[in-house]
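Listing of data15.txt, compact mmCIF, C-alpha atoms and all ligand atoms
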```txt
# COMPACT_ATOMS: atom_id res chain seq x y z
CA MET A 779 0.00 0.00 0.00
CA SER A 780 1.34 3.46 -0.83
CA ALA A 781 1.60 6.09 1.89
CA PRO A 782 -1.68 7.81 2.76
CA ASP A 783 -2.02 11.41 1.59
CA LEU A 784 -2.49 13.63 4.63
CA SER A 785 -2.10 16.86 2.68
CA ARG A 786 -5.84 17.07 2.03
CA PHE A 787 -6.48 17.47 5.77
CA PRO A 788 -6.09 20.96 7.24
CA ARG A 789 -3.21 20.99 9.68
CA ARG A 790 -1.35 23.44 11.88
CA THR A 791 2.31 22.85 12.73
CA TYR A 792 3.35 22.88 16.38
CA SER A 793 6.67 20.99 16.27
CA SER A 794 9.86 21.89 14.48
CA GLY A 795 10.64 18.46 13.07
CA PRO A 796 10.59 14.70 13.69
CA THR A 797 10.99 13.68 17.32
CA PRO A 798 14.33 11.96 18.05
CA LEU A 799 14.87 8.21 18.27
CA GLU A 800 17.25 7.37 21.12
CA ARG A 801 18.78 4.10 22.27
CA LEU A 802 18.54 3.43 26.01
CA GLU A 803 21.86 1.70 26.46
CA HIS A 804 22.20 1.56 30.24
CA PHE A 805 18.57 0.68 30.83
CA SER A 806 18.63 -2.07 28.18
CA ARG A 807 21.68 -3.68 29.77
CA GLU A 808 20.13 -3.60 33.25
CA LEU A 809 16.80 -4.91 31.95
CA ALA A 810 18.46 -7.78 30.05
CA SER A 811 20.08 -9.01 33.25
CA GLN A 812 16.55 -9.58 34.62
CA CYS A 813 15.19 -11.33 31.51
CA PRO A 814 15.21 -15.11 30.94
CA GLU A 815 18.82 -16.30 30.55
CA GLY A 816 20.02 -12.72 30.97
CA GLN A 817 19.01 -11.97 27.38
CA GLY A 818 16.75 -9.03 26.69
CA PRO A 819 15.83 -6.59 23.94
CA GLU A 820 17.51 -3.33 23.03
CA VAL A 821 15.08 -0.61 24.10
CA TRP A 822 14.75 2.60 22.11
CA VAL A 823 12.55 5.61 22.76
CA LYS A 824 10.78 7.97 20.37
CA ARG A 825 10.78 11.31 22.11
CA ASP A 826 7.21 12.46 21.58
CA ASP A 827 7.64 14.18 24.94
CA GLN A 828 9.70 16.70 22.91
CA LEU A 829 6.85 17.66 20.60
CA GLY A 830 5.89 21.32 20.46
CA LEU A 831 3.52 23.32 22.72
CA PHE A 832 6.02 22.87 25.51
CA PRO A 833 5.99 20.71 27.44
CA GLY A 834 4.48 18.78 24.57
CA GLY A 835 3.27 15.24 24.29
CA ASN A 836 1.11 12.96 22.19
CA LYS A 837 -1.78 15.44 22.30
CA THR A 838 0.34 17.92 20.33
CA ARG A 839 0.12 15.69 17.25
CA LYS A 840 -3.65 15.39 17.55
CA LEU A 841 -4.12 19.12 18.11
CA GLU A 842 -2.37 19.95 14.84
CA PHE A 843 -5.39 18.51 13.02
CA LEU A 844 -8.08 19.38 15.59
CA ALA A 845 -7.15 23.06 15.97
CA ALA A 846 -6.99 23.41 12.18
CA ASP A 847 -10.50 22.01 11.96
CA ALA A 848 -11.70 24.39 14.69
CA LEU A 849 -10.30 27.37 12.79
CA ILE A 850 -12.06 26.30 9.59
CA ASP A 851 -15.22 25.95 11.65
CA GLY A 852 -14.91 29.61 12.68
CA ALA A 853 -14.62 28.79 16.39
CA ASP A 854 -13.32 31.35 18.89
CA THR A 855 -13.04 28.89 21.80
CA LEU A 856 -11.80 25.31 22.24
CA ILE A 857 -13.80 23.23 24.71
CA THR A 858 -12.41 19.96 25.98
CA CYS A 859 -12.42 17.64 28.99
CA GLY A 860 -10.11 15.52 31.11
CA ALA A 861 -9.04 14.50 34.59
CA PRO A 862 -7.74 17.06 37.15
CA GLN A 863 -4.10 16.66 35.98
CA SER A 864 -4.96 16.32 32.28
CA ASN A 865 -2.04 16.71 29.88
CA HIS A 866 -4.57 16.86 27.08
CA CYS A 867 -6.26 19.92 28.63
CA ARG A 868 -2.89 21.65 29.08
CA ILE A 869 -1.84 21.07 25.47
CA THR A 870 -5.27 22.06 24.12
CA LEU A 871 -4.97 25.31 26.07
CA SER A 872 -1.49 25.92 24.63
CA ALA A 873 -2.79 25.32 21.11
CA ALA A 874 -5.72 27.69 21.75
CA ILE A 875 -3.35 30.42 22.89
CA ARG A 876 -1.13 29.86 19.86
CA GLU A 877 -4.16 30.30 17.60
CA GLY A 878 -5.59 33.31 19.43
CA LEU A 879 -8.55 31.30 20.70
CA ARG A 880 -9.98 30.99 24.17
CA CYS A 881 -10.30 27.69 26.01
CA ARG A 882 -12.67 26.02 28.50
CA PHE A 883 -12.41 22.69 30.31
CA VAL A 884 -14.84 20.28 31.87
CA ILE A 885 -12.84 18.37 34.49
CA GLU A 886 -14.05 14.94 35.60
CA GLU A 887 -13.14 14.23 39.19
CA ARG A 888 -12.45 10.54 38.44
CA VAL A 889 -10.97 9.95 41.87
CA PRO A 890 -13.39 11.66 44.32
CA GLY A 891 -11.77 14.54 46.18
CA SER A 892 -8.81 14.72 43.77
CA TYR A 893 -9.60 18.16 42.34
CA ARG A 894 -7.86 20.92 44.26
CA GLU A 895 -7.90 24.59 43.31
CA ASP A 896 -4.34 24.99 44.58
CA ALA A 897 -2.91 21.86 42.89
CA SER A 898 0.48 22.00 41.21
CA GLY A 899 1.52 20.25 37.97
CA ASN A 900 -0.81 20.71 35.02
CA HIS A 901 -3.45 22.40 37.13
CA PHE A 902 -1.05 25.19 37.97
CA LEU A 903 -0.33 25.58 34.25
CA PHE A 904 -4.06 25.82 33.43
CA ARG A 905 -4.24 28.87 35.66
CA LEU A 906 -0.93 30.34 34.57
CA MET A 907 -1.90 30.13 30.89
CA GLY A 908 -5.28 31.69 31.61
CA VAL A 909 -7.94 29.08 30.95
CA GLU A 910 -11.24 30.95 30.61
CA LYS A 911 -13.39 28.57 32.64
CA ILE A 912 -13.12 25.21 34.43
CA THR A 913 -16.28 23.27 35.25
CA VAL A 914 -15.75 20.32 37.60
CA VAL A 915 -18.15 17.37 37.37
CA PRO A 916 -18.29 14.08 39.34
CA ALA A 917 -16.90 10.76 38.08
CA GLY A 918 -19.14 9.06 35.55
CA SER A 919 -20.74 12.28 34.29
CA ASP A 920 -21.80 12.56 30.66
CA MET A 921 -18.78 14.52 29.43
CA ALA A 922 -20.14 15.09 25.92
CA ALA A 923 -23.30 16.64 27.40
CA ALA A 924 -21.30 18.79 29.81
CA MET A 925 -19.14 20.12 26.96
CA GLN A 926 -22.19 20.76 24.80
CA LYS A 927 -23.59 22.86 27.65
CA GLU A 928 -20.46 25.04 27.43
CA ALA A 929 -20.89 25.32 23.67
CA ASP A 930 -24.55 26.34 24.13
CA GLU A 931 -23.55 28.96 26.68
CA LEU A 932 -21.03 30.42 24.24
CA ARG A 933 -23.60 30.44 21.44
CA ASP A 934 -25.99 32.45 23.65
CA LEU A 935 -23.14 34.94 24.11
CA GLY A 936 -22.75 35.25 20.34
CA ARG A 937 -19.53 33.21 20.40
CA LYS A 938 -18.59 29.86 18.93
CA GLY A 939 -17.11 26.86 20.72
CA TYR A 940 -15.44 23.83 19.14
CA VAL A 941 -15.78 20.66 21.19
CA ILE A 942 -12.79 18.31 21.33
CA PRO A 943 -13.50 14.91 22.93
CA GLY A 944 -11.42 13.62 25.85
CA GLY A 945 -7.81 13.00 24.82
CA GLY A 946 -8.54 14.50 21.39
CA SER A 947 -9.45 10.96 20.38
CA ASN A 948 -11.64 10.98 17.33
CA ALA A 949 -10.88 10.33 13.68
CA ILE A 950 -9.41 13.82 13.08
CA GLY A 951 -7.19 13.66 16.18
CA GLY A 952 -6.05 10.15 15.24
CA LEU A 953 -4.54 11.57 12.04
CA GLY A 954 -1.76 12.90 14.25
CA TYR A 955 -0.57 9.34 14.86
CA VAL A 956 -0.97 8.38 11.21
CA ALA A 957 1.50 11.20 10.61
CA CYS A 958 3.70 9.76 13.37
CA ALA A 959 3.79 6.36 11.64
CA GLY A 960 4.93 8.04 8.42
CA GLU A 961 7.56 10.04 10.27
CA LEU A 962 8.85 6.88 11.96
CA GLN A 963 8.97 4.99 8.66
CA GLN A 964 11.12 7.74 7.12
CA GLN A 965 13.44 7.77 10.15
CA MET A 966 13.85 4.00 9.99
CA VAL A 967 14.70 4.07 6.30
CA ALA A 968 17.13 6.97 6.74
CA ALA A 969 18.90 5.32 9.70
CA LYS A 970 18.65 1.76 8.24
CA LEU A 971 17.00 0.79 11.50
CA SER A 972 14.25 -1.72 12.12
CA PHE A 973 12.12 -2.43 15.19
CA ASP A 974 10.64 -5.72 16.33
CA ALA A 975 7.97 -4.11 18.48
CA ILE A 976 6.48 -0.73 19.37
CA VAL A 977 5.08 -0.10 22.85
CA VAL A 978 2.62 2.75 23.36
CA GLY A 979 0.05 3.83 25.95
CA SER A 980 -3.63 3.14 25.48
CA GLY A 981 -6.03 5.46 27.27
CA SER A 982 -8.69 7.39 25.36
CA SER A 983 -7.19 5.35 22.48
CA GLY A 984 -6.46 8.02 19.87
CA THR A 985 -2.75 7.33 20.10
CA HIS A 986 -2.91 3.54 20.02
CA GLY A 987 -5.75 3.46 17.47
CA GLY A 988 -4.28 6.25 15.34
CA LEU A 989 -0.85 4.63 15.32
CA LEU A 990 -2.33 1.23 14.44
CA ALA A 991 -4.21 2.82 11.55
CA GLY A 992 -1.00 4.60 10.56
CA LEU A 993 1.08 1.41 10.57
CA LEU A 994 -1.54 -0.38 8.48
CA ALA A 995 -1.86 2.56 6.08
CA HIS A 996 1.91 2.68 5.62
CA GLY A 997 2.23 -1.08 5.20
CA MET A 998 4.41 -1.37 8.31
CA GLN A 999 4.39 -4.87 9.82
CA VAL A 1000 5.95 -4.10 13.21
CA PRO A 1001 3.80 -5.40 16.11
CA LEU A 1002 2.22 -2.65 18.23
CA TYR A 1003 1.53 -3.23 21.94
CA GLY A 1004 -0.90 -0.88 23.68
CA ILE A 1005 -0.45 -0.81 27.45
CA GLY A 1006 -3.72 0.11 29.15
CA VAL A 1007 -3.67 3.02 31.59
CA SER A 1008 -7.29 2.71 32.69
CA ARG A 1009 -8.77 -0.52 31.29
CA ASP A 1010 -7.90 -4.17 30.75
CA PRO A 1011 -7.99 -5.60 27.20
CA GLN A 1012 -11.59 -6.76 27.12
CA ASP A 1013 -12.75 -3.17 27.68
CA GLN A 1014 -9.92 -1.37 25.91
CA ALA A 1015 -9.66 -3.33 22.64
CA PRO A 1016 -13.13 -2.34 21.36
CA LEU A 1017 -12.30 1.36 21.90
CA VAL A 1018 -8.99 1.05 20.05
CA GLU A 1019 -10.62 -0.88 17.22
CA LYS A 1020 -13.34 1.76 16.85
CA GLU A 1021 -10.74 4.54 16.80
CA ALA A 1022 -8.51 2.76 14.26
CA LEU A 1023 -11.47 1.99 12.00
CA SER A 1024 -12.74 5.56 12.09
CA VAL A 1025 -9.27 6.87 11.21
CA LEU A 1026 -8.96 4.38 8.33
CA ALA A 1027 -12.42 5.42 7.10
CA LEU A 1028 -11.42 9.09 7.18
CA LEU A 1029 -8.36 8.16 5.10
CA GLY A 1030 -10.62 6.32 2.69
CA LEU A 1031 -8.80 3.04 3.27
CA GLU A 1032 -9.85 -0.54 3.85
CA GLU A 1033 -11.98 -0.87 6.95
CA THR A 1034 -10.70 -4.01 8.57
CA ILE A 1035 -7.96 -4.70 11.07
CA PRO A 1036 -6.06 -7.87 10.24
CA GLN A 1037 -6.21 -10.67 12.80
CA GLY A 1038 -3.61 -10.27 15.53
CA ARG A 1039 -2.63 -6.66 14.79
CA LEU A 1040 -4.62 -5.19 17.70
CA ARG A 1041 -2.78 -6.03 20.93
CA CYS A 1042 -3.90 -4.64 24.27
CA VAL A 1043 -1.98 -5.36 27.45
CA GLY A 1044 -3.64 -5.08 30.86
CA GLY A 1045 -2.56 -5.45 34.45
CA TYR A 1046 -0.30 -2.41 34.81
CA TRP A 1047 -2.78 0.40 35.52
CA GLN A 1048 -4.38 -0.92 38.69
CA PRO A 1049 -5.57 -0.03 41.31
CA LYS A 1050 -7.16 2.76 39.25
CA TYR A 1051 -6.40 5.33 36.57
CA SER A 1052 -3.85 7.87 37.89
CA LEU A 1053 -3.28 6.11 41.23
CA PRO A 1054 0.30 4.91 41.86
CA ASN A 1055 1.43 1.28 41.97
CA GLU A 1056 4.80 -0.34 42.75
CA ALA A 1057 5.66 -1.19 39.15
CA MET A 1058 5.11 2.45 38.07
CA ILE A 1059 7.32 3.73 40.88
CA GLU A 1060 10.06 1.26 39.90
CA ALA A 1061 9.84 2.30 36.22
CA VAL A 1062 9.90 6.05 36.91
CA ARG A 1063 12.92 5.75 39.23
CA TRP A 1064 14.74 3.27 36.97
CA LEU A 1065 14.55 5.41 33.83
CA ALA A 1066 15.39 8.57 35.76
CA ARG A 1067 18.49 6.98 37.30
CA SER A 1068 19.75 4.90 34.37
CA GLU A 1069 19.06 7.34 31.53
CA GLY A 1070 18.01 10.70 32.99
CA LEU A 1071 14.73 10.08 31.17
CA LEU A 1072 11.73 11.48 33.02
CA LEU A 1073 8.51 9.50 32.88
CA ASP A 1074 5.24 10.46 34.58
CA PRO A 1075 3.21 8.62 37.23
CA VAL A 1076 -0.16 8.55 35.40
CA TYR A 1077 0.82 7.36 31.92
CA THR A 1078 4.39 6.72 30.82
CA GLY A 1079 5.47 5.24 34.19
CA LYS A 1080 2.77 2.57 33.94
CA ILE A 1081 3.36 2.09 30.20
CA MET A 1082 7.09 1.51 30.78
CA ALA A 1083 6.16 -0.83 33.64
CA GLY A 1084 4.27 -2.80 31.00
CA LEU A 1085 7.32 -2.94 28.72
CA ILE A 1086 9.48 -4.08 31.66
CA GLY A 1087 6.94 -6.74 32.62
CA LEU A 1088 6.69 -8.11 29.08
CA ALA A 1089 10.49 -8.19 28.77
CA ARG A 1090 10.91 -10.04 32.09
CA HIS A 1091 8.41 -12.61 30.87
CA GLY A 1092 10.56 -13.24 27.82
CA GLU A 1093 8.39 -11.53 25.21
CA TRP A 1094 11.48 -10.45 23.24
CA SER A 1095 14.80 -12.12 22.61
CA ALA A 1096 18.32 -10.71 22.63
CA GLY A 1097 19.08 -8.58 19.62
CA GLN A 1098 15.46 -7.56 19.12
CA ARG A 1099 14.71 -3.85 19.20
CA VAL A 1100 11.71 -2.46 21.04
CA LEU A 1101 10.58 1.13 20.54
CA PHE A 1102 8.88 2.88 23.44
CA ILE A 1103 6.80 5.90 22.44
CA HIS A 1104 7.34 8.51 25.16
CA THR A 1105 4.00 10.32 25.08
CA GLY A 1106 4.92 13.10 27.53
CA GLY A 1107 3.18 14.01 30.77
CA MET A 1108 6.11 15.42 32.71
CA PRO A 1109 4.22 18.21 34.58
CA ALA A 1110 2.18 15.60 36.51
CA LEU A 1111 5.45 14.30 37.99
CA PHE A 1112 5.51 17.27 40.33
CA GLU A 1113 2.14 16.35 41.83
CA TYR A 1114 3.49 12.95 42.95
CA GLN A 1115 6.64 13.89 44.83
CA ASP A 1116 5.46 12.12 47.97
CA VAL A 1117 5.17 8.69 46.29
CA LEU A 1118 8.36 8.98 44.23
C1 LIG B 1 -3.20 11.10 27.03
C2 LIG B 1 -1.91 10.45 27.30
C3 LIG B 1 -1.67 9.10 26.95
C4 LIG B 1 -2.73 8.21 26.38
O1 LIG B 1 -3.07 8.57 25.06
P1 LIG B 1 -4.53 8.33 24.50
O2 LIG B 1 -4.50 8.83 23.13
O3 LIG B 1 -5.49 9.06 25.40
O4 LIG B 1 -4.80 6.86 24.56
C5 LIG B 1 -0.41 8.57 27.16
N1 LIG B 1 0.57 9.31 27.73
C6 LIG B 1 0.38 10.59 28.10
C7 LIG B 1 1.49 11.31 28.75
C8 LIG B 1 -0.87 11.20 27.90
O5 LIG B 1 -1.04 12.47 28.30
```
Taking this structure as input, can you express it in the form of C-alpha cells?
Amino acid sequence: MSAPDLSRFPRRTYSSGPTPLERLEHFSRELASQCPEGQGPEVWVKRDDQLGLFPGGNKTRKLEFLAADALIDGADTLITCGAPQSNHCRITLSAAIREGLRCRFVIEERVPGSYREDASGNHFLFRLMGVEKITVVPAGSDMAAAMQKEADELRDLGRKGYVIPGGGSNAIGGLGYVACAGELQQQMVAAKLSFDAIVVGSGSSGTHGGLLAGLLAHGMQVPLYGIGVSRDPQDQAPLVEKEALSVLALLGLEETIPQGRLRCVGGYWQPKYSLPNEAMIEAVRWLARSEGLLLDPVYTGKIMAGLIGLARHGEWSAGQRVLFIHTGGMPALFEYQDVL
C-alpha cells in the first residue's frame, strides 16, 4: 500500500521536526540481566515528549489537526475535557493560545476529592496560561453533554465553541498518529534501522488506534503493543478498534484490522487510573536513574512498567529492538513527589 495522503487534511504545525529516536543503552543492559537467561531486547525511545507546545506530548500531534478544523469551523473557543491533571487539557490550552482562541475545560473528578484549586503540575499551568473557565463534574458524568452545555452557553453569548472529545481521540485527532507512523517509517529508512515491536500507551485510544491505523496505512508490519492506563484488554480493545477503523475510514482506506494486529496489554494500571502502583514507581525511578529520562506517574510510568513486565516474561529475545513511544506528561510528575 502506498503512503496515505495527509495533505488534504487541514493541519497546523506545532513541532519543528521529527521527534528523536534514542537508544537506552544503560537501561537495556540492566533490563536484560533480569530477563530469561540474561538476554533481553535493546530498548529505544521515540521522544514524543519533545513535541511542540512545551511541554508537549502525544496530544500535540492530535491538536495539529483538531485546531486546524476548529479554525475552519470559525470557532473562537476550544472546549475539551479531562481528569484534574490532564495533559490533554494543558496542550489544548497551549494550542488555543497559539491560535488566538480561548479555552474552556470540563474536568471529571475521576478519583473523588482529587480536584484541588491549589494543585500543582498541570493544574497550575491551566491557571498560569489563563484558561477561561473550568467546570468540575463528578466521576461518571456525561462529558459530551457537559461540553455541549459550554458550547450552548457560548452560542448564547454570540460566540462559537469547538468541542474536542477527551484525549482529542476521534478520527481527526487520530490523524496525528498516522503522521507519526509516516515520520517513523522515514526515520527507519534513513537510519537503516528496524524495530521488532512498538510499545505505546492506550487510554482514550487516539494514540494507540491512530498509530495502528498509521502502521496499516503505511504497510508497516511491526507489532504494536498498547499498554492500558485505565482498562484491561476486554474493555480497551473495542475502543482502540473503533478509533482505528474511524481513522482508516477518514483516510478512505480498507476498513478491517487484520487478525492479531490489535494487541492490548492489561494489568499495569491498577488499582485505578492515575493512582500509583509499585511497578510504576520502579519504572519512573529506573529510567530517571539509568538514563536521565523522566517519565510520569499517570501514563508513561505505567506504560514503561508494561514494557518491563513483558520483557521479564521473555516476550522479546536478545538482539530484538523495542521502541517505546514517550507520550509526555512530565508536569504531573511534580504532583506525585510524595510517592516517588
Ligand atoms: C493522554 C496520554 C496518553 C494516552 O493517550 P490516549 O491517546 O489518550 O490513549 C499517554 N501518555 C500521556 C502522557 C498522555 O497524556
Test item: residues at most 6 Å from segment 899-903 of chain A, all atoms listed in the file, excluding those fewer than 4 positions along its chain, as a PyMOL selection string = chain A and resi 863+907+1109-1110+1112-1113
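The residue that comes closest to Ala874 of chain A, out of A:Glu1032, A:Asp854, A:Asp974, A:Glu895 and on the basis of all atoms listed in the file, is A:Asp854.
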Please, what distance in Å, to one decimal, runs between atom CA of Lys911 of chain A and atom CA of Lys840 of chain A?
-> 22.3 Å
Give the centre and edge lengths of an axis-aligned box, in Å to one decimal, that holds all listed atoms of ligand LIG 1 (chain B) with 6 Å on each side, as JSON.
```
{"center_x": -2.0, "center_y": 9.7, "center_z": 25.9, "size_x": 19.0, "size_y": 17.6, "size_z": 17.6}
```
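For segment 1000-1002 of chain A, the list of residues within 8 Å, based on only C-alpha atoms and with local chain neighbours fewer than 4 positions off taken out, reads Phe973, Asp974, Ala975, Ile976, Val977, Val978, Leu990, Leu993, Arg1039, Leu1040 and Arg1041 of chain A.
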For Leu1118 of chain A: contacts at 12 Å, only C-alpha atoms, fewer than 5 positions along chain excluded, given as a list in words |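 Close residues of Leu1118 of chain A: Pro1054, Asn1055, Glu1056, Ala1057, Met1058, Ile1059, Glu1060, Ala1061, Val1062, Arg1063, Trp1064, Ala1066, Leu1072, Leu1073, Asp1074, Pro1075, Gly1079, Ala1110, Leu1111, Phe1112 and Glu1113 of chain A.
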Contact residues around Ser1024 of chain A with all atoms listed in the file at 12 Å, ignoring same-chain residues under 4 positions, as a list in words | Ser947, Asn948, Ala949, Ile950, Gly951, Gly952, Leu953, Ser983, Gly984, Gly987, Gly988, Leu990, Ala991, Gly992, Leu1017, Val1018, Glu1019, Lys1020, Leu1028, Leu1029, Gly1030, Leu1031, Glu1032, Glu1033, Thr1034 and Ile1035 of chain A
Find the residues of chain A that sit at most 6 Å from ligand LIG 1 (chain B); for each, write down the nearest two atoms and how far apart they are in Å, to one decimal. Count only C-alpha atoms and all ligand atoms. Sort by chain, then by number going up, and give it as CSV.
```
residue,atom,partner,partner_atom,distance
A:Asn865,CA,B:LIG1,O5,4.6
A:His866,CA,B:LIG1,O5,5.8
A:Gly945,CA,B:LIG1,O3,4.6
A:Gly979,CA,B:LIG1,C5,4.9
A:Ser980,CA,B:LIG1,O4,4.0
A:Gly981,CA,B:LIG1,O4,3.3
A:Ser982,CA,B:LIG1,O3,3.6
A:Ser983,CA,B:LIG1,O4,3.5
A:Gly984,CA,B:LIG1,O2,3.9
A:Thr985,CA,B:LIG1,O2,3.8
A:His986,CA,B:LIG1,O4,5.9
A:Tyr1077,CA,B:LIG1,N1,4.6
A:Thr1078,CA,B:LIG1,N1,5.6
A:Thr1105,CA,B:LIG1,N1,4.5
A:Gly1106,CA,B:LIG1,C7,4.1
A:Gly1107,CA,B:LIG1,C7,3.8
```
With C-alpha atoms retained, could you export that selection as a PDB file, in the frame of the given file?
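Written file, result-v8.pdb:
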```
ATOM      1  CA  ASN A 865      -2.040  16.710  29.880  1.00  0.00           C
ATOM      2  CA  HIS A 866      -4.570  16.860  27.080  1.00  0.00           C
ATOM      3  CA  GLY A 945      -7.810  13.000  24.820  1.00  0.00           C
ATOM      4  CA  GLY A 979       0.050   3.830  25.950  1.00  0.00           C
ATOM      5  CA  SER A 980      -3.630   3.140  25.480  1.00  0.00           C
ATOM      6  CA  GLY A 981      -6.030   5.460  27.270  1.00  0.00           C
ATOM      7  CA  SER A 982      -8.690   7.390  25.360  1.00  0.00           C
ATOM      8  CA  SER A 983      -7.190   5.350  22.480  1.00  0.00           C
ATOM      9  CA  GLY A 984      -6.460   8.020  19.870  1.00  0.00           C
ATOM     10  CA  THR A 985      -2.750   7.330  20.100  1.00  0.00           C
ATOM     11  CA  HIS A 986      -2.910   3.540  20.020  1.00  0.00           C
ATOM     12  CA  TYR A1077       0.820   7.360  31.920  1.00  0.00           C
ATOM     13  CA  THR A1078       4.390   6.720  30.820  1.00  0.00           C
ATOM     14  CA  THR A1105       4.000  10.320  25.080  1.00  0.00           C
ATOM     15  CA  GLY A1106       4.920  13.100  27.530  1.00  0.00           C
ATOM     16  CA  GLY A1107       3.180  14.010  30.770  1.00  0.00           C
TER      17      GLY A1107
END
```
Write out as a PyMOL selection string which residues come within 12 Å of Ser806 of chain A when counting all atoms listed in the file, dropping same-chain ones fewer than 2 positions away.
-> chain A and resi 800-804+808-813+816-823+1064-1065+1068-1069+1085-1086+1089-1090+1096-1102
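With all atoms listed in the file as the atoms that count, the minimum distance from Thr855 of chain A to the choices A:Val909, A:Phe805, A:Ser785, A:Gly1004 is reached by A:Val909.
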Go ahead and find all residues with at least one atom no further than 10 Å from (-4.5, 2.4, 30.0) in the file's coordinates, using only C-alpha atoms; report them as a VMD selection string.
-> chain A and resid 978 to 983 1004 to 1011 1014 1042 to 1048 1050 to 1052 1076 to 1078 1080 to 1081
At what distance in Å, to one decimal, does atom CA of Pro833 of chain A lie from atom CA of Ala959 of chain A?
->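 Taking atom CA of Ala959 of chain A as the start and atom CA of Pro833 of chain A as the end point, the length is 21.5 Å.
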Nearest residue to Leu849 of chain A from the set A:Pro788, A:Pro1049, A:Pro782, A:Pro890 (distances using only C-alpha atoms) | A:Pro788
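Between atom CA of Arg882 of chain A and atom CA of Cys859 of chain A lies a distance of 8.4 Å.
Minimum atom-to-atom distance to Glu961 of chain A, evaluated using all atoms listed in the file, belongs to A:Leu799 out of A:Ala923, A:Ile850, A:Leu799, A:Val884.
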In terms of the shortest atom-to-atom distance over only C-alpha atoms, which of A:Gly1087, A:Pro916, A:Gly852, A:Gly834 is closest to Leu871 of chain A?
->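 Checking each of A:Gly1087, A:Pro916, A:Gly852, A:Gly834 against Leu871 of chain A, counting only C-alpha atoms, the winner is A:Gly834.
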Hey, which of A:His1104, A:Arg868, A:His1091, A:Arg807 ends up closest to Arg905 of chain A? Count only C-alpha atoms.
->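 So, comparing all the options, the nearest one is A:Arg868.
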Completion step: segment 939-952 of chain A with N, CA, C and O atoms as a PDB file, in the coordinates of the input:
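Produced file part-v5.pdb, reproduced below:
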```pdb
ATOM      1  N   GLY A 939     -18.019  27.852  20.134  1.00  0.00           N
ATOM      2  CA  GLY A 939     -17.110  26.860  20.720  1.00  0.00           C
ATOM      3  C   GLY A 939     -16.888  25.697  19.754  1.00  0.00           C
ATOM      4  O   GLY A 939     -17.725  25.419  18.890  1.00  0.00           O
ATOM      5  N   TYR A 940     -15.744  25.045  19.907  1.00  0.00           N
ATOM      6  CA  TYR A 940     -15.440  23.830  19.140  1.00  0.00           C
ATOM      7  C   TYR A 940     -15.124  22.760  20.164  1.00  0.00           C
ATOM      8  O   TYR A 940     -14.191  22.908  20.955  1.00  0.00           O
ATOM      9  N   VAL A 941     -15.921  21.693  20.161  1.00  0.00           N
ATOM     10  CA  VAL A 941     -15.780  20.660  21.190  1.00  0.00           C
ATOM     11  C   VAL A 941     -14.792  19.584  20.735  1.00  0.00           C
ATOM     12  O   VAL A 941     -14.933  19.000  19.664  1.00  0.00           O
ATOM     13  N   ILE A 942     -13.793  19.351  21.577  1.00  0.00           N
ATOM     14  CA  ILE A 942     -12.790  18.310  21.330  1.00  0.00           C
ATOM     15  C   ILE A 942     -12.999  17.213  22.362  1.00  0.00           C
ATOM     16  O   ILE A 942     -12.985  17.494  23.559  1.00  0.00           O
ATOM     17  N   PRO A 943     -13.227  15.966  21.939  1.00  0.00           N
ATOM     18  CA  PRO A 943     -13.500  14.910  22.930  1.00  0.00           C
ATOM     19  C   PRO A 943     -12.284  14.638  23.808  1.00  0.00           C
ATOM     20  O   PRO A 943     -11.157  15.050  23.478  1.00  0.00           O
ATOM     21  N   GLY A 944     -12.491  13.945  24.910  1.00  0.00           N
ATOM     22  CA  GLY A 944     -11.420  13.620  25.850  1.00  0.00           C
ATOM     23  C   GLY A 944     -10.219  13.012  25.129  1.00  0.00           C
ATOM     24  O   GLY A 944     -10.373  12.133  24.291  1.00  0.00           O
ATOM     25  N   GLY A 945      -9.027  13.520  25.442  1.00  0.00           N
ATOM     26  CA  GLY A 945      -7.810  13.000  24.820  1.00  0.00           C
ATOM     27  C   GLY A 945      -7.653  13.380  23.356  1.00  0.00           C
ATOM     28  O   GLY A 945      -6.690  12.977  22.714  1.00  0.00           O
ATOM     29  N   GLY A 946      -8.601  14.155  22.830  1.00  0.00           N
ATOM     30  CA  GLY A 946      -8.540  14.500  21.390  1.00  0.00           C
ATOM     31  C   GLY A 946      -8.699  13.268  20.523  1.00  0.00           C
ATOM     32  O   GLY A 946      -8.223  13.230  19.385  1.00  0.00           O
ATOM     33  N   SER A 947      -9.373  12.245  21.094  1.00  0.00           N
ATOM     34  CA  SER A 947      -9.450  10.960  20.380  1.00  0.00           C
ATOM     35  C   SER A 947     -10.716  10.819  19.560  1.00  0.00           C
ATOM     36  O   SER A 947     -11.738  10.327  20.021  1.00  0.00           O
ATOM     37  N   ASN A 948     -10.621  11.278  18.345  1.00  0.00           N
ATOM     38  CA  ASN A 948     -11.640  10.980  17.330  1.00  0.00           C
ATOM     39  C   ASN A 948     -10.866  10.753  16.037  1.00  0.00           C
ATOM     40  O   ASN A 948      -9.623  10.682  16.048  1.00  0.00           O
ATOM     41  N   ALA A 949     -11.572  10.646  14.929  1.00  0.00           N
ATOM     42  CA  ALA A 949     -10.880  10.330  13.680  1.00  0.00           C
ATOM     43  C   ALA A 949      -9.887  11.434  13.296  1.00  0.00           C
ATOM     44  O   ALA A 949      -8.754  11.154  12.894  1.00  0.00           O
ATOM     45  N   ILE A 950     -10.299  12.699  13.471  1.00  0.00           N
ATOM     46  CA  ILE A 950      -9.410  13.820  13.080  1.00  0.00           C
ATOM     47  C   ILE A 950      -8.161  13.825  13.961  1.00  0.00           C
ATOM     48  O   ILE A 950      -7.036  13.935  13.459  1.00  0.00           O
ATOM     49  N   GLY A 951      -8.340  13.679  15.276  1.00  0.00           N
ATOM     50  CA  GLY A 951      -7.190  13.660  16.180  1.00  0.00           C
ATOM     51  C   GLY A 951      -6.260  12.481  15.875  1.00  0.00           C
ATOM     52  O   GLY A 951      -5.029  12.616  15.922  1.00  0.00           O
ATOM     53  N   GLY A 952      -6.841  11.352  15.536  1.00  0.00           N
ATOM     54  CA  GLY A 952      -6.050  10.150  15.240  1.00  0.00           C
ATOM     55  C   GLY A 952      -5.111  10.338  14.057  1.00  0.00           C
ATOM     56  O   GLY A 952      -4.105   9.620  13.943  1.00  0.00           O
TER      57      GLY A 952
END
```
